[in-house]
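Student: Sharing a structure, written as structure tokens. Questions coming.
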Amino acid sequence: MTVRIGIIGTGAIGRDHARRINQVLAGGRIVALTDVNRSLARAVSADIAPDAAIYATGEELIAAGDVDAVLVTSWGATHEQYVLASIAAGKPCFCEKPLATTAEGAKRIVEAETAFGRRLVQVGFMRRYDAGYVALKEAIARHTGAPILVHAAHRNPSVPEAYVTPMAIHDTLIHEIDVLRWLLDDDYVSARVHYPRNAARAHAKLRDPQVVVLETRKGVLIDVEIFVNCHYGYDIQCEIVGEDGIARLPEPMAIEMRLGAKLQNAILTDWKDRFVVAYDVELQDFLKAAAGGTAAGPSSWDGYVAAITSDACVAAQESAGAAVAITMPDKPSLYS
């Protein structure tokens with residue numbers, strides 16, 4: 001079966017997903033597009049999906065009879081309304097993070113999906129599909145013993161002036177919040193944020209770097225360095241300290257060179273290059289599940305938990321190193 005896909009939001013990530021579905025992956029075809037900037041939708045149609053209809057609104061696209069499943073890649077504040085509309089229509093929906101901009105919004109999605117009685121939503125936490133993280137999870141399960149500590153880092157070469165302190169949580173740490181919970185098969189109970197001195201390249205509305213300390217229900221202590229003006233490249237690090245050993249996330253493959261009296265290898269500078277294969281695997285998983293009228297991978301519940309944790313971390317940014325409690329509601333049986 002070829003799943004007929006409608007894309008809401010045809011900016012950079014929406015365009016890239018359209019390319020994947022029509023030119024790289026099997027089992028899907030773009031039949032509908034919409035964007036508040038109509039010219040972006042027309043450009044994707046012209047370049048990638050010439051047979052796709054262009055709709056005035058996301059709601060019209062979702063309601064279209066020839067749309068089997070929906071990709072929501074629009075501005076974050078619109079995600080909730082489109083995901084809820086997709087659930088009401090009974091159509092599988094892939095939603096880029098965030099699932100919603102508030103925990104309450106994510107809760108409404110969980111409630112709607114639970115009432116529908118079948119999983120329909122996959123959230124775009126692509127790191128679960130990265131080969132390095134998959135190998136790291138297997139190492140934890142088979143070799144290193146029960147986790148005790150996690151040391152992680154999320155570094156970007158630079159961010160624009162519009163990137164402000166809370167975005168270090170909502171836009172950056174959000175990936176670690178999900179993937180570490182998945183790696184450890186655990187939930188968070190508290191968060192703290194510590195600030196060293198500001199880096200010289202950080203602008204006036206941004207504290208950078210930050211160190212977020214999370215504690216889990218099983219007693220694992222996690223520290224994550226967020227440094228979004230590190231200058232040298234895009235660098236993702238993760239080390240799990242277990243009872244029997246230590247496992248580290250592998251570095252992206254790079255050629256080692258002896259050049260100019262130095263031993264060196266290149267470091268990536270773009271997040272899209274670092275996780276390009278993970279995006280392919282992620283969307284192929286969605287297409288496979290959508291062909292059966294359901295969804296796989298990271299769920300609405302995972303998006304809700306990430307939102308709860310993010311809110312606590314932002315509160316911790318303003319709490320001068322004090323711990324902020326994270327309380328998780330009971331998980332509905334749909335997600336068990």
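Following the order of the structure tokens, first chain is A, next is B, and so on, with residues numbered from 1 inside each chain and ligands from 1 in the order they appear.
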Enumerate the residues of stretch 212-307 of chain A with a DSSP assignment of helix (DSSP H, G or I), computed from the backbone, and present them as a list in words.
Tutor: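 Taking stretch 212-307 of chain A and keeping helix (DSSP H, G or I) gives Trp271, Lys272, Asp273, Arg274, Val276, Val277, Ala278, Tyr279, Asp280, Val281, Glu282, Leu283, Gln284, Asp285, Phe286, Leu287, Lys288, Ala289, Ala290, Ser300, Trp301, Asp302, Gly303, Tyr304, Val305, Ala306 and Ala307 of chain A.
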Student: Write out as a PyMOL selection string each polymer residue whose atoms come within 10 Å of A:Glu318, counting only C-alpha atoms; drop sequence neighbours fewer than 5 positions from it.
Tutor: chain A and resi 166+192-194+313
Student: Neighbouring residues of stretch 170-182 of chain A were defined as those with any atom within 10 Å, considering only C-alpha atoms; residues of the same chain fewer than 2 positions away were excluded. Please report them as an NGL selection string.
Tutor: :A and (97-98 or 101 or 124-129 or 133 or 137 or 150 or 152-156 or 163 or 165-168 or 184-188 or 212 or 214 or 216 or 222 or 224-228 or 236 or 238 or 240 or 298 or 302-303 or 305-307 or 309-311 or 313-314)
Student: Per DSSP on the backbone, filter stretch 155-317 of chain A down to the residues in strand (DSSP E) and report them as number ranges by chain.
Tutor: A: 155, 188-194, 210-216, 221-227, 235-242, 246-248, 256-259, 262-265
Student: Considering only C-alpha atoms, can you say which of A:His79, A:Lys205, A:His151, A:Arg274 comes closest to A:Ala254?
Tutor: A:Arg274
Student: Nearest to A:Gln284 among A:Thr10, A:Gln122, A:Thr102, A:Ser190, with distances taken over only C-alpha atoms: which residue is it?
Tutor: A:Gln122
